Amino acid sequence: MNQPERRTEGMTSGLPKRVHVVEVGPRDGLQAESTFIPTDTKIELVNRLVGTGLQRIEAASFVSPKWIPQMADGAEVMAGIDRAAGVAYAALTPNMRGLEAAIESKVDEVVIFGAASEAFSIRNINCSVAESLERFAPVARAAKETGLRLRASISCSFGCPYQGAVGVDAVVDMVRRFRDLGCDEIDIADTIGVGTARQVQRVVEAAAREFPLASLAGHFHDTYGQALANIFGALQVGMTTFHASVGGLGGCPYAKGATGNVATEDLLYLLDGLGIETGIDLGAVVSIGDWVSQQMGRENGARAGKALMARKALN
Ligand code: HMG
Ligand code: MG
């Protein structure tokens, strides 16, 4: 696809040279959709994404189908996709039952997910933060014994839809807990997109005092339009892994009004412009964002994606 003339600003000094992008569209992007998306569409989405150079894809959730009906076909999705060499497929696993299903489905990475807010923990996974950590302990142990990569996600790291402000200490405490469970990577998640850039830098720097910065990831929902600014802030303090959702798909079923993650297209446009390597073909992702938005009958939520599609139509 033709892309507009853009100068690479030579701004990489002080910024990472390479960034890892984790595509969460097939999971975070779809989980809150009320109309069931056919399994074949989910499979095709994952397969198409793999062709763009993305090497990490969150493809499924092994959670209660009563809580999240949209993700009820996780096993079918995992069985149906073409597994590409060099690509790691991840799934959410809140408990042992989820882990067993994930192992059965031969995922490469499992994700335990907790919160820096008590109120959100109860709404999202029906238990307190302390209880969640008790549940996660055997999941973490078994995941490591099975040789799976173990990731943890900390929801509400910058604010909670139910309790409001969340202190840096609460996030750091969760980082320590997940570190002690043996996690390979920890996501600092802005579930409702309320964070702003300086706050993000403070939280990332505090988290990095407890866990290697190279193994922390930023998961930014774009509800307040801050996701790219927050990612830029995080880049400035050395974060190198970011989650994104093709077409800006998504929202969290337990965070009313929350919108999708930063769009993968918008993130790639930013990183390309900064001269930061990702190994991912922006044009290919743009086409997928357009395709999946049409499949779902929704407007494409990727600003750069829409602009590049419009430009393509003119050429
Ligand atoms: P519970 O009701 O407390 O647990 O749910 P339970 O053990 O009493 O089980 C209740 C029912 O669920 C039982 O079925 C279980 O068998 C079944 P019943 O006997 O009533 O027929 N069940 C399961 N079924 C399939 N797979 C499983 C499983 N576990 C239990 N693994 C539970 C606790 C955690 C299971 C529930 O609260 C749940 O599934 N919550 C879903 C949470 C979720 O997926 N939220 C969205 C993803 S997190 C997110 O989006 C945030 C993130 O993006 C970062 C950010 O942005 O913040 C990661
Ligand atoms: Mg999320």
# chains A, B, ... in the order shown; residues from 1 in each chain; ligands from 1
>>> closest_atom_pairs(of="chain A", to="ligand 1", cutoff="6 Å", atoms="only C-alpha atoms and all ligand atoms", output="JSON lines")
{"residue": "A:Asp28", "atom": "CA", "partner": "ligand 1", "partner_atom_place_in_ligand_line": "53 (O)", "distance": 5.5}
{"residue": "A:Phe62", "atom": "CA", "partner": "ligand 1", "partner_atom_place_in_ligand_line": "31 (N)", "distance": 4.9}
{"residue": "A:Val63", "atom": "CA", "partner": "ligand 1", "partner_atom_place_in_ligand_line": "39 (O)", "distance": 3.9}
{"residue": "A:Ser64", "atom": "CA", "partner": "ligand 1", "partner_atom_place_in_ligand_line": "24 (N)", "distance": 3.6}
{"residue": "A:Pro65", "atom": "CA", "partner": "ligand 1", "partner_atom_place_in_ligand_line": "24 (N)", "distance": 5.8}
{"residue": "A:Trp67", "atom": "CA", "partner": "ligand 1", "partner_atom_place_in_ligand_line": "39 (O)", "distance": 5.2}
{"residue": "A:Ile68", "atom": "CA", "partner": "ligand 1", "partner_atom_place_in_ligand_line": "41 (C)", "distance": 5.9}
{"residue": "A:Pro94", "atom": "CA", "partner": "ligand 1", "partner_atom_place_in_ligand_line": "34 (C)", "distance": 5.1}
{"residue": "A:Asn95", "atom": "CA", "partner": "ligand 1", "partner_atom_place_in_ligand_line": "31 (N)", "distance": 5.7}
{"residue": "A:Arg97", "atom": "CA", "partner": "ligand 1", "partner_atom_place_in_ligand_line": "31 (N)", "distance": 4.5}
{"residue": "A:Gly98", "atom": "CA", "partner": "ligand 1", "partner_atom_place_in_ligand_line": "31 (N)", "distance": 3.4}
{"residue": "A:Phe113", "atom": "CA", "partner": "ligand 1", "partner_atom_place_in_ligand_line": "58 (C)", "distance": 5.8}
{"residue": "A:Asn124", "atom": "CA", "partner": "ligand 1", "partner_atom_place_in_ligand_line": "42 (C)", "distance": 5.0}
{"residue": "A:Ile125", "atom": "CA", "partner": "ligand 1", "partner_atom_place_in_ligand_line": "37 (O)", "distance": 3.5}
{"residue": "A:Asn126", "atom": "CA", "partner": "ligand 1", "partner_atom_place_in_ligand_line": "3 (O)", "distance": 4.6}
{"residue": "A:Ser153", "atom": "CA", "partner": "ligand 1", "partner_atom_place_in_ligand_line": "58 (C)", "distance": 5.6}
{"residue": "A:Ser155", "atom": "CA", "partner": "ligand 1", "partner_atom_place_in_ligand_line": "57 (O)", "distance": 3.4}
{"residue": "A:Cys156", "atom": "CA", "partner": "ligand 1", "partner_atom_place_in_ligand_line": "57 (O)", "distance": 5.7}
{"residue": "A:Ala189", "atom": "CA", "partner": "ligand 1", "partner_atom_place_in_ligand_line": "57 (O)", "distance": 4.8}
{"residue": "A:Asp190", "atom": "CA", "partner": "ligand 1", "partner_atom_place_in_ligand_line": "57 (O)", "distance": 5.7}
{"residue": "A:Thr191", "atom": "CA", "partner": "ligand 1", "partner_atom_place_in_ligand_line": "56 (O)", "distance": 3.7}
{"residue": "A:Cys252", "atom": "CA", "partner": "ligand 1", "partner_atom_place_in_ligand_line": "50 (O)", "distance": 5.0}
>>> closest_residue(among="A:Glu299, A:Asp82, A:Asp222, A:Asp180", to="ligand 2", atoms="only C-alpha atoms and all ligand atoms")
A:Asp222
>>> residues_around(residues="Gly305 of chain A", least_positions_apart="2", cutoff="9 Å", atoms="only C-alpha atoms", output="mmCIF file with N, CA, C and O atoms, in the first residue's frame")
data_model
loop_
_atom_site.group_PDB
_atom_site.id
_atom_site.type_symbol
_atom_site.label_atom_id
_atom_site.label_comp_id
_atom_site.auth_asym_id
_atom_site.auth_seq_id
_atom_site.Cartn_x
_atom_site.Cartn_y
_atom_site.Cartn_z
ATOM 1 N N GLY A 247 -7.575 -2.323 14.240
ATOM 2 C CA GLY A 247 -8.832 -1.597 14.055
ATOM 3 C C GLY A 247 -9.314 -0.922 15.338
ATOM 4 O O GLY A 247 -10.432 -0.415 15.379
ATOM 5 N N ALA A 263 -5.106 1.394 18.675
ATOM 6 C CA ALA A 263 -5.153 0.615 17.427
ATOM 7 C C ALA A 263 -3.735 0.246 17.001
ATOM 8 O O ALA A 263 -2.819 1.070 17.078
ATOM 9 N N THR A 264 -3.579 -0.983 16.535
ATOM 10 C CA THR A 264 -2.254 -1.448 16.098
ATOM 11 C C THR A 264 -1.731 -0.542 14.981
ATOM 12 O O THR A 264 -0.541 -0.210 14.932
ATOM 13 N N GLU A 265 -2.623 -0.143 14.079
ATOM 14 C CA GLU A 265 -2.219 0.712 12.958
ATOM 15 C C GLU A 265 -1.654 2.038 13.463
ATOM 16 O O GLU A 265 -0.639 2.529 12.953
ATOM 17 N N ASP A 266 -2.320 2.628 14.475
ATOM 18 C CA ASP A 266 -1.885 3.928 15.005
ATOM 19 C C ASP A 266 -0.543 3.788 15.723
ATOM 20 O O ASP A 266 0.345 4.641 15.593
ATOM 21 N N TYR A 269 2.141 3.332 13.091
ATOM 22 C CA TYR A 269 2.401 4.605 12.401
ATOM 23 C C TYR A 269 3.330 5.473 13.260
ATOM 24 O O TYR A 269 4.289 6.070 12.767
ATOM 25 N N LEU A 282 2.980 -2.270 8.330
ATOM 26 C CA LEU A 282 1.831 -1.404 8.635
ATOM 27 C C LEU A 282 0.725 -1.554 7.590
ATOM 28 O O LEU A 282 -0.459 -1.684 7.934
ATOM 29 N N GLY A 283 1.100 -1.548 6.323
ATOM 30 C CA GLY A 283 0.092 -1.630 5.259
ATOM 31 C C GLY A 283 -0.751 -2.894 5.377
ATOM 32 O O GLY A 283 -1.973 -2.864 5.188
ATOM 33 N N VAL A 285 -1.377 -4.563 8.107
ATOM 34 C CA VAL A 285 -2.261 -4.446 9.276
ATOM 35 C C VAL A 285 -3.441 -3.531 8.945
ATOM 36 O O VAL A 285 -4.584 -3.787 9.334
ATOM 37 N N VAL A 286 -3.176 -2.479 8.184
ATOM 38 C CA VAL A 286 -4.248 -1.553 7.781
ATOM 39 C C VAL A 286 -5.340 -2.321 7.025
ATOM 40 O O VAL A 286 -6.539 -2.140 7.278
ATOM 41 N N SER A 287 -4.935 -3.186 6.112
ATOM 42 C CA SER A 287 -5.929 -3.951 5.341
ATOM 43 C C SER A 287 -6.754 -4.852 6.258
ATOM 44 O O SER A 287 -7.971 -5.000 6.067
ATOM 45 N N GLY A 289 -7.367 -4.343 9.461
ATOM 46 C CA GLY A 289 -8.258 -3.476 10.263
ATOM 47 C C GLY A 289 -9.510 -3.126 9.473
ATOM 48 O O GLY A 289 -10.629 -3.117 10.003
ATOM 49 N N ASP A 290 -9.321 -2.865 8.188
ATOM 50 C CA ASP A 290 -10.456 -2.539 7.322
ATOM 51 C C ASP A 290 -11.362 -3.770 7.172
ATOM 52 O O ASP A 290 -12.585 -3.681 7.328
ATOM 53 N N ASN A 300 -14.146 1.534 11.450
ATOM 54 C CA ASN A 300 -12.749 1.256 11.771
ATOM 55 C C ASN A 300 -12.282 2.249 12.846
ATOM 56 O O ASN A 300 -12.341 3.455 12.646
ATOM 57 N N GLY A 301 -11.805 1.717 13.974
ATOM 58 C CA GLY A 301 -11.384 2.585 15.078
ATOM 59 C C GLY A 301 -9.937 3.042 14.982
ATOM 60 O O GLY A 301 -9.461 3.750 15.861
ATOM 61 N N ALA A 302 -9.250 2.644 13.912
ATOM 62 C CA ALA A 302 -7.843 3.046 13.753
ATOM 63 C C ALA A 302 -7.786 4.328 12.932
ATOM 64 O O ALA A 302 -8.188 4.338 11.766
ATOM 65 N N ARG A 303 -7.288 5.393 13.539
ATOM 66 C CA ARG A 303 -7.238 6.678 12.815
ATOM 67 C C ARG A 303 -6.280 6.584 11.633
ATOM 68 O O ARG A 303 -6.613 6.973 10.514
ATOM 69 N N ALA A 307 -7.139 6.665 7.565
ATOM 70 C CA ALA A 307 -6.483 7.650 6.695
ATOM 71 C C ALA A 307 -5.720 6.947 5.571
ATOM 72 O O ALA A 307 -5.780 7.372 4.403
ATOM 73 N N LEU A 308 -5.051 5.866 5.917
ATOM 74 C CA LEU A 308 -4.268 5.161 4.890
ATOM 75 C C LEU A 308 -5.186 4.447 3.903
ATOM 76 O O LEU A 308 -4.883 4.362 2.707
ATOM 77 N N MET A 309 -6.333 3.969 4.363
ATOM 78 C CA MET A 309 -7.297 3.353 3.443
ATOM 79 C C MET A 309 -7.857 4.406 2.488
ATOM 80 O O MET A 309 -8.017 4.163 1.291
ATOM 81 N N ALA A 310 -8.153 5.593 3.033
ATOM 82 C CA ALA A 310 -8.699 6.673 2.196
ATOM 83 C C ALA A 310 -7.670 7.070 1.143
ATOM 84 O O ALA A 310 -8.000 7.300 -0.027
#
>>> residues_around(residues="Phe36 of chain A", least_positions_apart="4", cutoff="9 Å", atoms="only C-alpha atoms", output="NGL selection string")
:A and (69-71)
>>> write_last_selection(atoms="N, CA and C atoms", output="PDB file, in the first residue's frame")
ATOM      1  N   PRO A  69     -19.374 -14.806  27.141  1.00  0.00           N
ATOM      2  CA  PRO A  69     -19.852 -15.756  26.114  1.00  0.00           C
ATOM      3  C   PRO A  69     -19.051 -15.680  24.812  1.00  0.00           C
ATOM      4  N   GLN A  70     -18.591 -14.492  24.471  1.00  0.00           N
ATOM      5  CA  GLN A  70     -17.887 -14.320  23.195  1.00  0.00           C
ATOM      6  C   GLN A  70     -16.626 -15.177  23.102  1.00  0.00           C
ATOM      7  N   MET A  71     -16.038 -15.513  24.227  1.00  0.00           N
ATOM      8  CA  MET A  71     -14.772 -16.247  24.211  1.00  0.00           C
ATOM      9  C   MET A  71     -14.978 -17.755  24.434  1.00  0.00           C
TER      10      MET A  71
END
>>> closest_residue(among="A:Leu314, A:Ala214, A:Ala84, A:Ile288", to="Arg18 of chain A", atoms="only C-alpha atoms")
A:Ala214
>>> residues_around(residues="Thr241 of chain A", least_positions_apart="6", cutoff="10 Å", atoms="only C-alpha atoms", output="PyMOL selection string")
chain A and resi 18-22+185+187+213-219+231+234-235
>>> residues_around(residues="Gly53 of chain A", least_positions_apart="6", cutoff="8 Å", atoms="only C-alpha atoms", output="PyMOL selection string")
chain A and resi 279-281
>>> select_by_dssp(residues="segment 100-193 of chain A", states="strand (DSSP E)", output="PyMOL selection string")
chain A and resi 109-115+149-155+185-190
>>> write_last_selection(atoms="N, CA and C atoms", output="PDB file, in the first residue's frame")
ATOM      1  N   GLU A 109       1.716 -19.250  25.563  1.00  0.00           N
ATOM      2  CA  GLU A 109       1.847 -18.336  26.706  1.00  0.00           C
ATOM      3  C   GLU A 109       0.489 -18.220  27.387  1.00  0.00           C
ATOM      4  N   VAL A 110       0.490 -18.262  28.719  1.00  0.00           N
ATOM      5  CA  VAL A 110      -0.763 -18.063  29.440  1.00  0.00           C
ATOM      6  C   VAL A 110      -0.688 -16.771  30.246  1.00  0.00           C
ATOM      7  N   VAL A 111      -1.882 -16.199  30.451  1.00  0.00           N
ATOM      8  CA  VAL A 111      -1.952 -14.892  31.116  1.00  0.00           C
ATOM      9  C   VAL A 111      -2.859 -15.003  32.329  1.00  0.00           C
ATOM     10  N   ILE A 112      -2.289 -14.734  33.507  1.00  0.00           N
ATOM     11  CA  ILE A 112      -3.119 -14.584  34.694  1.00  0.00           C
ATOM     12  C   ILE A 112      -3.409 -13.095  34.821  1.00  0.00           C
ATOM     13  N   PHE A 113      -4.610 -12.783  35.233  1.00  0.00           N
ATOM     14  CA  PHE A 113      -4.953 -11.351  35.228  1.00  0.00           C
ATOM     15  C   PHE A 113      -5.615 -10.931  36.526  1.00  0.00           C
ATOM     16  N   GLY A 114      -4.949  -9.968  37.166  1.00  0.00           N
ATOM     17  CA  GLY A 114      -5.426  -9.422  38.422  1.00  0.00           C
ATOM     18  C   GLY A 114      -5.612  -7.922  38.295  1.00  0.00           C
ATOM     19  N   ALA A 115      -5.779  -7.262  39.423  1.00  0.00           N
ATOM     20  CA  ALA A 115      -6.033  -5.819  39.368  1.00  0.00           C
ATOM     21  C   ALA A 115      -5.353  -5.117  40.543  1.00  0.00           C
ATOM     22  N   ARG A 149       5.251 -20.051  28.786  1.00  0.00           N
ATOM     23  CA  ARG A 149       5.596 -18.687  29.166  1.00  0.00           C
ATOM     24  C   ARG A 149       4.437 -18.147  30.012  1.00  0.00           C
ATOM     25  N   LEU A 150       4.774 -17.454  31.082  1.00  0.00           N
ATOM     26  CA  LEU A 150       3.747 -16.968  32.014  1.00  0.00           C
ATOM     27  C   LEU A 150       3.760 -15.445  32.055  1.00  0.00           C
ATOM     28  N   ARG A 151       2.612 -14.886  31.736  1.00  0.00           N
ATOM     29  CA  ARG A 151       2.476 -13.429  31.760  1.00  0.00           C
ATOM     30  C   ARG A 151       1.377 -13.068  32.757  1.00  0.00           C
ATOM     31  N   ALA A 152       1.491 -11.893  33.335  1.00  0.00           N
ATOM     32  CA  ALA A 152       0.441 -11.424  34.245  1.00  0.00           C
ATOM     33  C   ALA A 152       0.025 -10.035  33.818  1.00  0.00           C
ATOM     34  N   SER A 153      -1.240  -9.732  34.035  1.00  0.00           N
ATOM     35  CA  SER A 153      -1.753  -8.421  33.663  1.00  0.00           C
ATOM     36  C   SER A 153      -2.312  -7.732  34.903  1.00  0.00           C
ATOM     37  N   ILE A 154      -1.986  -6.457  35.058  1.00  0.00           N
ATOM     38  CA  ILE A 154      -2.488  -5.686  36.211  1.00  0.00           C
ATOM     39  C   ILE A 154      -3.481  -4.648  35.702  1.00  0.00           C
ATOM     40  N   SER A 155      -4.767  -4.962  35.864  1.00  0.00           N
ATOM     41  CA  SER A 155      -5.808  -4.017  35.442  1.00  0.00           C
ATOM     42  C   SER A 155      -5.835  -2.811  36.380  1.00  0.00           C
ATOM     43  N   GLU A 185       6.637 -12.018  32.297  1.00  0.00           N
ATOM     44  CA  GLU A 185       6.336 -10.666  31.815  1.00  0.00           C
ATOM     45  C   GLU A 185       5.122 -10.143  32.586  1.00  0.00           C
ATOM     46  N   ILE A 186       5.093  -8.843  32.797  1.00  0.00           N
ATOM     47  CA  ILE A 186       3.965  -8.235  33.518  1.00  0.00           C
ATOM     48  C   ILE A 186       3.446  -7.045  32.716  1.00  0.00           C
ATOM     49  N   ASP A 187       2.132  -7.036  32.509  1.00  0.00           N
ATOM     50  CA  ASP A 187       1.489  -5.938  31.765  1.00  0.00           C
ATOM     51  C   ASP A 187       0.959  -4.905  32.743  1.00  0.00           C
ATOM     52  N   ILE A 188       1.283  -3.665  32.474  1.00  0.00           N
ATOM     53  CA  ILE A 188       0.736  -2.554  33.250  1.00  0.00           C
ATOM     54  C   ILE A 188      -0.435  -2.041  32.407  1.00  0.00           C
ATOM     55  N   ALA A 189      -1.655  -2.299  32.892  1.00  0.00           N
ATOM     56  CA  ALA A 189      -2.819  -2.066  32.031  1.00  0.00           C
ATOM     57  C   ALA A 189      -3.636  -0.861  32.470  1.00  0.00           C
ATOM     58  N   ASP A 190      -3.931  -0.026  31.493  1.00  0.00           N
ATOM     59  CA  ASP A 190      -4.858   1.090  31.716  1.00  0.00           C
ATOM     60  C   ASP A 190      -6.216   0.675  31.153  1.00  0.00           C
TER      61      ASP A 190
END
>>> residues_around(residues="Gly167 of chain A", least_positions_apart="4", cutoff="9 Å", atoms="only C-alpha atoms", output="list in words")
Ala116, Ser157, Phe158, Gly159, Val171 and Val172 of chain A
>>> write_last_selection(atoms="N, CA and C atoms", output="compact mmCIF listing (two decimals), in the first residue's frame")
# COMPACT_ATOMS: atom_id res chain seq x y z
N ALA A 116 -5.06 -3.85 40.31
CA ALA A 116 -4.52 -3.01 41.38
C ALA A 116 -5.67 -2.38 42.17
N SER A 157 -4.27 -0.01 36.49
CA SER A 157 -3.00 0.51 37.01
C SER A 157 -2.98 2.04 37.07
N PHE A 158 -3.95 2.67 36.44
CA PHE A 158 -3.96 4.15 36.44
C PHE A 158 -5.31 4.72 36.90
N GLY A 159 -6.20 3.85 37.29
CA GLY A 159 -7.51 4.31 37.73
C GLY A 159 -8.52 3.17 37.55
N VAL A 171 -0.05 -0.71 42.46
CA VAL A 171 0.46 -1.34 41.22
C VAL A 171 1.78 -2.05 41.53
N VAL A 172 2.64 -1.35 42.25
CA VAL A 172 3.95 -1.92 42.57
C VAL A 172 3.78 -3.19 43.40
>>> closest_residue(among="A:Ile57, A:Met174, A:Leu270, A:Val262", to="Leu133 of chain A", atoms="only C-alpha atoms")
A:Met174
>>> closest_residue(among="A:Pro38, A:Arg298, A:Glu134, A:Thr223", to="Ile192 of chain A", atoms="only C-alpha atoms")
A:Thr223
